[in-house]
Structure formats: C-alpha cells, structure tokens
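final.txt follows; it contains compact mmCIF, C-alpha atoms (C1' of nucleotides).
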# COMPACT_ATOMS: atom_id res chain seq x y z
CA MET A 28 53.30 123.10 93.43
CA ALA A 29 53.23 125.01 90.20
CA LYS A 30 52.12 123.41 87.01
CA ARG A 31 55.11 124.76 85.21
CA LYS A 32 56.97 121.56 85.90
CA SER A 33 59.66 120.84 83.43
CA LYS A 34 57.95 120.06 80.23
CA LYS A 35 60.21 122.99 79.53
CA TRP A 36 63.22 121.02 80.63
CA PRO A 37 63.25 117.53 79.27
CA GLU A 38 65.72 114.96 80.53
CA ALA A 39 68.00 115.44 77.56
CA GLU A 40 68.37 119.15 78.15
CA ALA A 41 69.02 118.77 81.85
CA TYR A 42 71.59 116.12 80.98
CA ARG A 43 73.29 118.40 78.50
CA ILE A 44 73.58 121.19 81.04
CA GLY A 45 74.64 118.84 83.83
CA ASP A 46 77.33 117.40 81.64
CA ALA A 47 78.52 120.85 80.61
CA LEU A 48 78.83 121.94 84.24
CA HIS A 49 80.62 118.75 85.18
CA SER A 50 83.04 119.13 82.32
CA ALA A 51 83.59 122.81 83.11
CA ALA A 52 84.48 122.01 86.71
CA ILE A 53 86.99 119.39 85.61
CA HIS A 54 88.70 121.59 83.09
CA LEU A 55 88.73 124.67 85.24
CA LEU A 56 90.54 122.75 87.98
CA ARG A 57 92.96 121.16 85.53
CA LYS A 58 94.01 124.58 84.35
CA VAL A 59 94.46 126.18 87.72
CA ARG A 60 96.11 123.11 89.20
CA ALA A 61 99.26 123.91 87.28
CA GLN A 62 99.80 126.82 89.68
CA ASP A 63 100.00 124.49 92.66
CA ARG A 64 103.49 123.32 91.93
CA SER A 65 104.97 126.63 92.96
CA VAL A 66 103.19 126.54 96.31
CA GLY A 67 104.54 123.21 97.49
CA ILE A 68 101.26 122.12 99.01
CA GLY A 69 98.77 119.73 97.46
CA PRO A 70 95.16 120.60 96.60
CA ALA A 71 93.65 118.54 99.41
CA GLN A 72 95.84 120.20 102.01
CA LEU A 73 95.11 123.60 100.54
CA SER A 74 91.39 123.01 100.62
CA ALA A 75 91.36 121.64 104.17
CA LEU A 76 93.47 124.55 105.32
CA ALA A 77 90.98 126.92 103.72
CA VAL A 78 88.17 125.44 105.80
CA LEU A 79 90.14 126.02 108.99
CA VAL A 80 91.19 129.54 108.05
CA PHE A 81 87.82 130.76 106.82
CA GLY A 82 85.57 128.53 108.88
CA GLY A 83 87.47 128.40 112.14
CA PRO A 84 88.78 125.49 114.25
CA ARG A 85 87.01 122.15 114.26
CA SER A 86 87.53 118.46 114.90
CA LEU A 87 89.04 116.04 112.46
CA LYS A 88 85.72 114.39 111.81
CA GLU A 89 84.01 117.67 111.08
CA LEU A 90 86.81 118.66 108.77
CA ALA A 91 86.52 115.33 106.97
CA GLU A 92 82.82 115.91 106.50
CA ALA A 93 83.35 119.44 105.24
CA GLU A 94 85.81 118.10 102.69
CA GLN A 95 83.71 115.06 101.81
CA VAL A 96 86.48 112.71 102.66
CA ARG A 97 86.83 109.75 105.07
CA PRO A 98 88.46 110.25 108.47
CA PRO A 99 91.63 108.24 107.68
CA THR A 100 92.16 110.35 104.59
CA MET A 101 91.73 113.56 106.57
CA SER A 102 93.99 112.19 109.28
CA ARG A 103 96.80 111.96 106.78
CA ILE A 104 96.07 115.32 105.16
CA VAL A 105 96.17 116.94 108.59
CA GLY A 106 99.37 115.03 109.35
CA GLY A 107 101.03 116.77 106.44
CA LEU A 108 99.73 120.16 107.54
CA GLU A 109 101.04 119.58 111.05
CA ARG A 110 104.47 118.49 109.87
CA THR A 111 104.82 121.76 108.00
CA ARG A 112 103.36 123.72 110.93
CA LEU A 113 100.44 125.10 108.97
CA VAL A 114 97.96 123.59 111.40
CA ARG A 115 98.17 122.75 115.09
CA ARG A 116 95.93 120.65 117.29
CA LYS A 117 94.41 121.67 120.60
CA ALA A 118 93.15 119.30 123.26
CA THR A 119 89.50 119.37 124.32
CA ASP A 120 87.60 118.16 127.35
CA ASP A 121 86.63 115.06 125.46
CA LYS A 122 90.01 113.47 125.23
CA ARG A 123 89.15 111.53 122.12
CA ARG A 124 88.64 114.69 120.17
CA MET A 125 91.06 117.27 118.90
CA LEU A 126 90.46 120.77 117.70
CA LEU A 127 92.38 121.69 114.57
CA GLU A 128 93.27 125.25 113.89
CA ALA A 129 95.38 127.03 111.32
CA THR A 130 98.58 128.69 112.51
CA ALA A 131 99.40 132.23 111.46
CA HIS A 132 101.86 130.76 108.98
CA GLY A 133 99.12 128.47 107.69
CA ALA A 134 96.81 131.40 107.07
CA LYS A 135 99.57 133.21 105.21
CA ILE A 136 100.44 130.22 103.04
CA LEU A 137 96.79 129.69 102.28
CA ARG A 138 96.35 133.20 101.01
CA GLU A 139 99.41 132.83 98.82
CA GLY A 140 98.44 129.42 97.47
CA ARG A 141 94.89 130.36 96.85
CA THR A 142 95.96 133.57 95.25
CA ARG A 143 98.10 131.78 92.70
CA ARG A 144 95.21 129.60 91.58
CA VAL A 145 92.63 132.32 91.64
CA GLU A 146 94.92 134.86 89.99
CA MET A 147 94.62 132.88 86.81
CA LEU A 148 90.87 133.21 86.95
CA VAL A 149 91.08 136.86 87.90
CA ARG A 150 93.16 137.60 84.81
CA ALA A 151 90.58 135.90 82.61
CA LEU A 152 87.71 137.66 84.35
CA GLN A 153 89.26 141.07 84.01
CA GLY A 154 89.40 140.69 80.26
CA LEU A 155 85.63 140.38 80.02
CA SER A 156 83.11 142.92 78.75
CA GLU A 157 80.65 144.47 81.16
CA GLU A 158 77.94 142.14 79.98
CA GLU A 159 80.19 139.16 80.52
CA GLN A 160 81.12 140.40 83.95
CA ARG A 161 77.47 140.28 84.91
CA GLU A 162 77.30 136.76 83.52
CA ALA A 163 80.30 135.83 85.65
CA ALA A 164 78.69 137.06 88.84
CA ALA A 165 75.43 135.29 87.97
CA ALA A 166 77.25 132.06 87.15
CA ALA A 167 79.14 132.12 90.44
CA GLU A 168 75.94 132.70 92.35
CA PHE A 169 74.13 129.96 90.48
CA MET A 170 76.88 127.42 91.08
CA ARG A 171 76.77 128.18 94.77
CA LYS A 172 73.03 127.52 94.83
CA LEU A 173 73.28 124.36 92.78
CA ILE A 174 75.93 122.87 95.01
CA GLY A 175 73.79 123.54 98.02
CA ARG A 176 71.14 121.34 96.46
CA LEU A 177 73.40 118.47 95.56
CA GLY A 178 73.58 117.09 99.04
CA SER A 179 69.84 116.95 99.46
CA MET B 26 75.40 149.12 88.25
CA ALA B 27 77.26 152.22 87.17
CA LYS B 28 78.42 152.66 83.63
CA ARG B 29 82.05 151.95 83.87
CA LYS B 30 84.07 152.13 80.73
CA SER B 31 85.83 149.35 82.53
CA LYS B 32 88.62 147.46 81.03
CA LYS B 33 88.79 146.13 84.51
CA TRP B 34 86.78 145.07 87.41
CA PRO B 35 87.96 146.30 90.73
CA GLU B 36 90.52 143.74 91.77
CA ALA B 37 88.58 142.78 94.87
CA GLU B 38 85.41 142.00 92.97
CA ALA B 39 87.16 139.94 90.31
CA TYR B 40 88.93 138.08 93.08
CA ARG B 41 85.69 137.38 94.89
CA ILE B 42 84.08 135.95 91.76
CA GLY B 43 87.19 134.01 90.78
CA ASP B 44 87.38 132.49 94.21
CA ALA B 45 83.69 131.60 94.15
CA LEU B 46 84.06 129.82 90.80
CA HIS B 47 87.16 127.98 91.97
CA SER B 48 85.45 126.88 95.13
CA ALA B 49 82.32 125.86 93.24
CA ALA B 50 84.34 123.66 90.88
CA ILE B 51 86.06 121.94 93.81
CA HIS B 52 82.88 121.25 95.69
CA LEU B 53 80.88 120.18 92.70
CA LEU B 54 83.49 117.56 91.87
CA ARG B 55 83.75 116.41 95.47
CA LYS B 56 80.04 115.73 95.51
CA VAL B 57 79.81 113.86 92.25
CA ARG B 58 83.00 111.94 92.90
CA ALA B 59 81.16 109.78 95.40
CA GLN B 60 79.39 108.16 92.44
CA ASP B 61 82.64 106.91 90.98
CA ARG B 62 83.02 104.06 93.40
CA SER B 63 80.22 102.12 91.76
CA VAL B 64 81.81 102.41 88.34
CA GLY B 65 85.17 100.91 89.21
CA ILE B 66 87.14 103.36 87.12
CA GLY B 67 89.00 106.39 88.38
CA PRO B 68 88.31 109.96 87.31
CA ALA B 69 91.48 110.32 85.24
CA GLN B 70 90.73 107.16 83.27
CA LEU B 71 87.14 108.23 82.83
CA SER B 72 88.13 111.63 81.53
CA ALA B 73 90.78 110.29 79.14
CA LEU B 74 88.32 107.73 77.85
CA ALA B 75 85.83 110.51 77.23
CA VAL B 76 88.33 112.30 74.99
CA LEU B 77 88.80 109.16 72.90
CA VAL B 78 85.09 108.40 72.69
CA PHE B 79 83.90 111.90 71.86
CA GLY B 80 87.01 113.23 70.17
CA GLY B 81 88.19 110.15 68.29
CA PRO B 82 91.50 108.26 68.23
CA ARG B 83 94.77 110.07 68.89
CA SER B 84 98.33 109.56 70.06
CA LEU B 85 99.41 109.34 73.67
CA LYS B 86 101.06 112.73 73.53
CA GLU B 87 97.96 114.38 72.11
CA LEU B 88 95.84 112.73 74.74
CA ALA B 89 98.20 113.93 77.47
CA GLU B 90 97.91 117.46 76.13
CA ALA B 91 94.14 117.28 75.94
CA GLU B 92 94.09 116.19 79.57
CA GLN B 93 96.75 118.66 80.70
CA VAL B 94 98.92 115.91 82.02
CA ARG B 95 102.52 114.76 81.39
CA PRO B 96 103.22 111.85 79.03
CA PRO B 97 104.34 109.40 81.75
CA THR B 98 101.15 110.07 83.65
CA MET B 99 99.06 109.45 80.56
CA SER B 100 101.10 106.35 79.77
CA ARG B 101 99.99 104.84 83.06
CA ILE B 102 96.39 105.98 82.72
CA VAL B 103 96.24 104.37 79.29
CA GLY B 104 97.90 101.26 80.72
CA GLY B 105 94.98 100.85 83.06
CA LEU B 106 92.48 101.37 80.28
CA GLU B 107 94.22 98.78 78.14
CA ARG B 108 94.35 96.20 80.92
CA THR B 109 90.59 96.47 81.28
CA ARG B 110 90.09 96.47 77.49
CA LEU B 111 88.43 99.86 77.38
CA VAL B 112 91.06 101.20 75.01
CA ARG B 113 93.23 99.56 72.41
CA ARG B 114 96.28 100.79 70.53
CA LYS B 115 96.83 100.74 66.80
CA ALA B 116 100.17 100.93 65.04
CA THR B 117 100.95 103.82 62.70
CA ASP B 118 103.46 104.36 59.93
CA ASP B 119 105.67 106.20 62.36
CA LYS B 120 106.67 103.33 64.57
CA ARG B 121 107.30 105.54 67.54
CA ARG B 122 103.70 106.62 67.65
CA MET B 123 100.58 104.76 68.64
CA LEU B 124 96.98 105.60 67.98
CA LEU B 125 94.70 105.08 70.93
CA GLU B 126 91.06 104.36 70.42
CA ALA B 127 88.18 103.39 72.66
CA THR B 128 86.75 99.89 72.28
CA ALA B 129 83.00 99.36 72.06
CA HIS B 130 83.09 98.23 75.66
CA GLY B 131 84.98 101.39 76.57
CA ALA B 132 82.35 103.57 74.98
CA LYS B 133 79.65 101.73 76.89
CA ILE B 134 81.43 102.01 80.23
CA LEU B 135 82.04 105.67 79.62
CA ARG B 136 78.39 106.39 79.09
CA GLU B 137 77.52 104.53 82.26
CA GLY B 138 80.23 106.15 84.36
CA ARG B 139 79.50 109.59 83.10
CA THR B 140 75.83 109.08 83.59
CA ARG B 141 76.25 108.23 87.27
CA ARG B 142 78.12 111.43 87.97
CA VAL B 143 75.93 113.62 85.85
CA GLU B 144 72.72 112.04 87.10
CA MET B 145 73.31 113.66 90.42
CA LEU B 146 73.48 117.05 88.74
CA VAL B 147 70.48 116.28 86.59
CA ARG B 148 68.38 115.55 89.65
CA ALA B 149 69.37 118.87 91.19
CA LEU B 150 68.76 120.72 87.94
CA GLN B 151 65.32 119.26 87.42
CA GLY B 152 64.20 120.60 90.77
CA LEU B 153 64.79 124.17 89.64
CA SER B 154 62.26 126.81 88.71
CA GLU B 155 62.07 128.03 85.13
CA GLU B 156 64.00 131.13 86.03
CA GLU B 157 66.71 129.03 87.63
CA GLN B 158 66.82 126.76 84.63
CA ARG B 159 67.69 129.73 82.49
CA GLU B 160 70.39 130.64 84.99
CA ALA B 161 71.75 127.11 84.74
CA ALA B 162 72.03 127.24 80.98
CA ALA B 163 73.66 130.67 81.14
CA ALA B 164 76.11 129.53 83.81
CA ALA B 165 77.13 126.49 81.77
CA GLU B 166 77.67 128.62 78.72
CA PHE B 167 79.65 131.18 80.66
CA MET B 168 81.89 128.58 82.23
CA ARG B 169 82.65 127.17 78.81
CA LYS B 170 83.67 130.60 77.58
CA LEU B 171 85.75 131.36 80.63
CA ILE B 172 87.70 128.15 80.40
CA GLY B 173 88.49 128.89 76.78
CA ARG B 174 90.17 132.07 77.96
CA LEU B 175 92.21 130.53 80.73
CA GLY B 176 94.93 129.22 78.49
CA SER B 177 95.73 132.68 77.20
C1' DT C 6 77.68 100.60 138.67
C1' DC C 7 79.90 98.00 135.43
C1' DG C 8 80.12 95.84 131.06
C1' DA C 9 78.66 96.78 126.23
C1' DA C 10 78.15 99.78 122.63
C1' DT C 11 79.48 103.96 120.45
C1' DT C 12 82.58 107.52 118.99
C1' DA C 13 87.15 109.79 117.66
C1' DG C 14 91.13 109.17 115.66
C1' DT C 15 95.11 106.25 113.91
C1' DT C 16 97.56 102.55 111.50
C1' DA C 17 98.19 99.38 107.77
C1' DG C 18 97.67 98.20 103.28
C1' DC C 19 95.98 98.91 98.67
C1' DA C 20 94.96 101.72 94.30
C1' DT C 21 95.00 105.84 91.43
C1' DA C 22 97.24 109.83 89.79
C1' DG C 23 100.45 113.53 89.56
C1' DC C 24 105.56 114.72 88.84
C1' DT C 25 110.82 114.46 87.10
C1' DA C 26 114.77 111.95 85.43
C1' DA C 27 116.57 108.75 82.68
C1' DC C 28 116.02 105.22 79.34
C1' DT C 29 114.90 102.83 74.42
C1' DA C 30 113.57 103.06 69.83
C1' DT C 31 112.57 105.47 65.79
C1' DA C 32 112.71 109.52 62.69
C1' DT C 33 114.73 113.71 61.02
C1' DT C 34 118.41 116.98 60.12
C1' DT C 35 122.93 118.38 59.13
C1' DA D 26 126.83 108.78 58.98
C1' DA D 27 126.39 111.27 63.06
C1' DA D 28 123.94 114.34 65.79
C1' DT D 29 119.55 115.76 67.25
C1' DA D 30 114.75 115.47 68.05
C1' DT D 31 110.51 112.98 69.13
C1' DA D 32 107.34 109.22 71.13
C1' DG D 33 106.65 106.45 74.62
C1' DT D 34 108.14 103.69 78.81
C1' DT D 35 110.27 102.68 83.27
C1' DA D 36 111.60 103.79 87.88
C1' DG D 37 110.89 106.14 91.87
C1' DC D 38 108.96 109.82 94.58
C1' DT D 39 104.67 112.27 96.65
C1' DA D 40 99.86 113.09 97.52
C1' DT D 41 95.17 111.43 97.97
C1' DG D 42 91.45 108.38 97.95
C1' DC D 43 89.47 103.94 100.11
C1' DT D 44 88.38 99.88 103.67
C1' DA D 45 89.50 97.04 107.60
C1' DA D 46 91.07 96.71 111.91
C1' DC D 47 92.94 98.77 115.86
C1' DT D 48 93.30 101.87 120.51
C1' DA D 49 91.41 104.95 123.67
C1' DA D 50 87.71 107.52 125.68
C1' DT D 51 82.91 108.22 126.52
C1' DT D 52 78.18 107.08 126.97
C1' DC D 53 74.36 103.88 127.71
C1' DG D 54 71.54 100.63 129.82
C1' DA D 55 70.42 96.56 132.48

Would you mind writing the file's structure down as structure tokens?
Amino acid sequence: MAKRKSKKWPEAEAYRIGDALHSAAIHLLRKVRAQDRSVGIGPAQLSALAVLVFGGPRSLKELAEAEQVRPPTMSRIVGGLERTRLVRRKATDDKRRMLLEATAHGAKILREGRTRRVEMLVRALQGLSEEEQREAAAAAEFMRKLIGRLGS
Amino acid sequence: MAKRKSKKWPEAEAYRIGDALHSAAIHLLRKVRAQDRSVGIGPAQLSALAVLVFGGPRSLKELAEAEQVRPPTMSRIVGGLERTRLVRRKATDDKRRMLLEATAHGAKILREGRTRRVEMLVRALQGLSEEEQREAAAAAEFMRKLIGRLGS
DNA sequence: TCGAATTAGTTAGCATAGCTAACTATATTT
DNA sequence: AAATATAGTTAGCTATGCTAACTAATTCGA
C-alpha cells in the first residue's frame, strides 16, 4: 500500500467529480434518446439486444444480470423482442432454461438503432481538435475502467 | 500518433469512441440506479428537482426544456413532486404561467438522494491511484464539453 | 428413492416516465 | 372584437422498473 493515499483527493473533490460524471451520463443519454423514436424500439430492448448480438446467446437470467434488471422485467423485455422477431428462444437440456439469441433481423435492427444514437456522438466527436480527440479516447477508456470498479 | 491535419477522425475510430461513451453512460446509470430504491423518488423527479434547487425557480415549460422532456411529461413529474411537498408553485402576473420552486424539504431530499447515487461513484473514485484521479477529472471535464456540443 | 428445497421463468399488479392529441384558460396580434 | 398564440392539463397509449406469488423442472439429502 502506497502512502500516497488521497490526501490529494479529499471527499469534496471526489464528490464533485462523481457528481459531474453522474450528471454527464444523464444528460448524454437524454440527448441521444431523442433518436430512439425513429427506430421504434425502446432503450431497454435495444440494450438487451446488444448483449445478445455482441455477447452471444444466453439465458434469461444471465441477460437480466447483464442488464442489471430483475428477471420479470427481462421476461417482458424479451417478450417484446420475440413479438417483433428480433430475438428467438432455443430449448436446452435443462427444460427450465431457455437460450436467447438474436435473429439476423435483430442484429440488423440493432446496428441501425445503435447507429442513430451513436451517430449524434460521432458528429460531435468529429468536430474536435486533435488534442480533444485524445481526451475523448482517454475519457472513454477511463469510464470503462471506472464502471468495472463500481460493482466491487 | 501521426500528425493529421485532421478535421476528421476516421469514421471507424470516432464510432468506436462514441459507442464506448454511450455504453459507459448506460452502464454507469444502471449501476447507480440501484441506490434509488432507498430514496423513494424516481430518477426523473430527482433530476427535475435538482434543476430547481441548483438552478432556481422557473416555469413548467422551461423545466421541461431543461430536462429535454415534453410539457405533459413534466406536468406529471411536477405533480408527483407537489404531492410529496418537494416543490410548490407560485402564481405570476401572467396567469397562464406558474413558477415552480423547491421547498426546503425538497432541497434536503435532493441532497440525500443525490448523495446515495454519487456515493457509489465516490467510493470507486477514492480507490484510484493519483494518475487515475487525474484521468477522472479530465474525463469529467471532457464529458461536460462533449455534451455541450451535442445540441449543435 | 422420494419428498423438500432450489432454480428458471412467468403472471399479476403496481408505479414511474415517455409520447401525442385534444382540451381549457389566458394573453397577444391583427 | 376576432383570430392566433402560448401555458399548462387531461386522457390514453407504450415501455420499463419493482415485488409477490405462481408453475415447472431439477437437485439434494435423509
């Protein structure tokens, strides 16, 4: 353990930064959310679909955990995705379980939906100076790290 | 990194960073949202209350704009805040308009609610090395800047 | 081996939050 | 004065969150 414990980072400063990050996350999502209307799929469905497309098939419970949501909530989200044929279920040996996987159509819709949201960010990012572009990459990397520590 | 005169990032790189930031915002909020249950006030109410506490009294329409939400949605959010006496309305000369302001109790609840969410981040932040603490501050600052550019 | 406990998922019921359309009441413009 | 514009509400839809209580399948343990 190093001695350089945070005398350098008093409670108030950590709070200020924590609050800034919290606020940034809220406002970033508010802005990009406006793009969802043209996709015709809600944010929870979009996010769950993304897990299946990028992370591969898994059970409902696992998906619920990945999305930090309770099983009944995920059950309904998946219900919507099945009705619109973006996700299908496959039986497993354990007949209680199901394996959820994205359909080809689901993967296509996901890319489109995600693109609309992210496009807005891409436009903003492309207007940045070189220095700011480095800041962007560093910020993205830092956020990833920080989130990994939140669960612990 | 090469010296690009760069008005633009390569599309793929900007997309990768944009997607990472989008994903980070989603997952950060998912994590901290768990703290809301103990406050007994939803995220939309909490956020609207924050605008009134930190930004001062304003009309329903202004509040809806600040929160990037439609007037009927804000009308209901405010309804909830009034029922629980966290916000009160004041008449104005223009009898169509109302001025919304936080009550003392509202300000207190806000600080508590916000604290619970942000505390989780603070704990994670305080575990960081000095180098990472600098990254945190830079990331927060960058996010603030980026969001300012999203409207454009 | 068989009954009890556990596990996976669903159903029911409630609350919050988002939207549009259509309404009332007041103010402004012509 | 009449037409138009603005502020906010109401009604009704959808999506998402929760807990409690249920069914069905599997696993455990006496």

Inset, instruction - Check the smallest atom-to-atom distance from each of A:Ala51, A:Val78, A:Arg97, A:Lys122 to chain B using only C-alpha atoms, then report the winner. - result: A:Ala51

Legend entry - RMSD after least-squares fit, chain A onto chain B [all C-alpha atoms, in order]: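 Fitting chain A to chain B over paired C-alpha atoms yields 2.4 Å.
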
Inset, instruction - Define the interface residues of chain C facing chain A as those within 9 Å, counting all atoms listed in the file, and report them as number ranges by chain. - result: C: 12-15

Inset, instruction - Please return, as a PyMOL selection string, all residues of chain B lying within 6 Å of chain A when all atoms listed in the file are considered. - result: chain B and resi 33-34+39-40+43-46+50+143+146-147+149+164-165+175

Inset, instruction - Skip stretch 20-28 of chain C itself and residues of its chain fewer than 6 positions away, then list as a ChimeraX atom specification all residues within 9 Å of it, counting only C-alpha atoms (C1' of nucleotides). - result: /B:67-69,94-95,97-98,101-102 /D:34-36,38-43

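The space between atom CA of B:Glu87 and atom CA of B:Thr128 spans 18.3 Å.
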
Inset, instruction - Please indicate the distance in Å from atom CA of A:Pro84 to atom CA of A:Ala129, rounded to one decimal place. - result: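 Atom CA of A:Pro84 sits 7.4 Å away from atom CA of A:Ala129.
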
Legend entry - For A:Ala131: contacts at 12 Å, only C-alpha atoms (C1' of nucleotides), fewer than 2 positions along chain excluded, given as a list in words: Leu76, Leu79, Val80, Arg112, Leu113, Val114, Arg115, Glu128, Ala129, Gly133, Ala134, Lys135, Ile136, Leu137 and Arg138 of chain A

Inset, instruction - Could you please tell me, as a PyMOL selection string, which residues of chain D have an atom within 9 Å of chain B when using all atoms listed in the file? - result: chain D and resi 31-34

Inset, instruction - Tell me, in Å to one decimal, how far atom CA of A:Leu73 is from atom CA of A:Val105. - result: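 Computing it gives 10.5 Å between the two atoms.
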
As a JSON list (two decimals), keeping the file's coordinate frame, could you write out stretch 33-62 of chain A once it has been completed with N, CA and C atoms?
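Below you can see rebuild.json, which holds the result:
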[["chain", "number", "residue", "atom", "x", "y", "z"],
["A", 33, "SER", "N", 58.80, 120.72, 84.59],
["A", 33, "SER", "CA", 59.66, 120.84, 83.43],
["A", 33, "SER", "C", 59.25, 120.02, 82.23],
["A", 34, "LYS", "N", 58.16, 120.33, 81.65],
["A", 34, "LYS", "CA", 57.95, 120.06, 80.23],
["A", 34, "LYS", "C", 58.99, 120.89, 79.52],
["A", 35, "LYS", "N", 59.27, 122.05, 80.13],
["A", 35, "LYS", "CA", 60.21, 122.99, 79.53],
["A", 35, "LYS", "C", 61.64, 122.47, 79.62],
["A", 36, "TRP", "N", 61.87, 121.52, 80.52],
["A", 36, "TRP", "CA", 63.22, 121.02, 80.63],
["A", 36, "TRP", "C", 63.24, 119.51, 80.60],
["A", 37, "PRO", "N", 63.24, 118.97, 79.41],
["A", 37, "PRO", "CA", 63.25, 117.53, 79.27],
["A", 37, "PRO", "C", 64.57, 116.96, 79.75],
["A", 38, "GLU", "N", 64.54, 115.70, 80.07],
["A", 38, "GLU", "CA", 65.72, 114.96, 80.53],
["A", 38, "GLU", "C", 66.97, 115.28, 79.72],
["A", 39, "ALA", "N", 66.82, 115.26, 78.41],
["A", 39, "ALA", "CA", 68.00, 115.44, 77.56],
["A", 39, "ALA", "C", 68.65, 116.79, 77.77],
["A", 40, "GLU", "N", 67.83, 117.80, 77.96],
["A", 40, "GLU", "CA", 68.37, 119.15, 78.15],
["A", 40, "GLU", "C", 69.05, 119.28, 79.50],
["A", 41, "ALA", "N", 68.41, 118.75, 80.52],
["A", 41, "ALA", "CA", 69.02, 118.77, 81.85],
["A", 41, "ALA", "C", 70.33, 118.00, 81.81],
["A", 42, "TYR", "N", 70.37, 116.92, 81.08],
["A", 42, "TYR", "CA", 71.59, 116.12, 80.98],
["A", 42, "TYR", "C", 72.69, 116.92, 80.30],
["A", 43, "ARG", "N", 72.30, 117.61, 79.23],
["A", 43, "ARG", "CA", 73.29, 118.40, 78.50],
["A", 43, "ARG", "C", 73.92, 119.45, 79.40],
["A", 44, "ILE", "N", 73.07, 120.14, 80.15],
["A", 44, "ILE", "CA", 73.58, 121.19, 81.04],
["A", 44, "ILE", "C", 74.40, 120.58, 82.18],
["A", 45, "GLY", "N", 73.90, 119.49, 82.74],
["A", 45, "GLY", "CA", 74.64, 118.84, 83.83],
["A", 45, "GLY", "C", 76.01, 118.41, 83.36],
["A", 46, "ASP", "N", 76.05, 117.85, 82.18],
["A", 46, "ASP", "CA", 77.33, 117.40, 81.64],
["A", 46, "ASP", "C", 78.26, 118.58, 81.38],
["A", 47, "ALA", "N", 77.70, 119.67, 80.89],
["A", 47, "ALA", "CA", 78.52, 120.85, 80.61],
["A", 47, "ALA", "C", 79.12, 121.41, 81.91],
["A", 48, "LEU", "N", 78.34, 121.42, 82.97],
["A", 48, "LEU", "CA", 78.83, 121.94, 84.24],
["A", 48, "LEU", "C", 79.90, 121.03, 84.82],
["A", 49, "HIS", "N", 79.66, 119.74, 84.71],
["A", 49, "HIS", "CA", 80.62, 118.75, 85.18],
["A", 49, "HIS", "C", 81.95, 118.92, 84.45],
["A", 50, "SER", "N", 81.85, 118.98, 83.15],
["A", 50, "SER", "CA", 83.04, 119.13, 82.32],
["A", 50, "SER", "C", 83.76, 120.45, 82.62],
["A", 51, "ALA", "N", 82.99, 121.50, 82.81],
["A", 51, "ALA", "CA", 83.59, 122.81, 83.11],
["A", 51, "ALA", "C", 84.37, 122.75, 84.41],
["A", 52, "ALA", "N", 83.80, 122.10, 85.41],
["A", 52, "ALA", "CA", 84.48, 122.01, 86.71],
["A", 52, "ALA", "C", 85.80, 121.27, 86.55],
["A", 53, "ILE", "N", 85.77, 120.17, 85.82],
["A", 53, "ILE", "CA", 86.99, 119.39, 85.61],
["A", 53, "ILE", "C", 88.07, 120.23, 84.92],
["A", 54, "HIS", "N", 87.69, 120.89, 83.87],
["A", 54, "HIS", "CA", 88.70, 121.59, 83.09],
["A", 54, "HIS", "C", 89.18, 122.86, 83.76],
["A", 55, "LEU", "N", 88.30, 123.50, 84.49],
["A", 55, "LEU", "CA", 88.73, 124.67, 85.24],
["A", 55, "LEU", "C", 89.81, 124.27, 86.25],
["A", 56, "LEU", "N", 89.57, 123.17, 86.97],
["A", 56, "LEU", "CA", 90.54, 122.75, 87.98],
["A", 56, "LEU", "C", 91.84, 122.26, 87.36],
["A", 57, "ARG", "N", 91.74, 121.60, 86.20],
["A", 57, "ARG", "CA", 92.96, 121.16, 85.53],
["A", 57, "ARG", "C", 93.86, 122.34, 85.22],
["A", 58, "LYS", "N", 93.22, 123.39, 84.73],
["A", 58, "LYS", "CA", 94.01, 124.58, 84.35],
["A", 58, "LYS", "C", 94.67, 125.23, 85.55],
["A", 59, "VAL", "N", 93.88, 125.46, 86.60],
["A", 59, "VAL", "CA", 94.46, 126.18, 87.72],
["A", 59, "VAL", "C", 95.41, 125.32, 88.54],
["A", 60, "ARG", "N", 95.27, 124.01, 88.41],
["A", 60, "ARG", "CA", 96.11, 123.11, 89.20],
["A", 60, "ARG", "C", 97.59, 123.32, 88.90],
["A", 61, "ALA", "N", 97.87, 123.70, 87.68],
["A", 61, "ALA", "CA", 99.26, 123.91, 87.28],
["A", 61, "ALA", "C", 99.96, 124.90, 88.21],
["A", 62, "GLN", "N", 99.21, 125.81, 88.80],
["A", 62, "GLN", "CA", 99.80, 126.82, 89.68],
["A", 62, "GLN", "C", 100.23, 126.24, 91.01]]
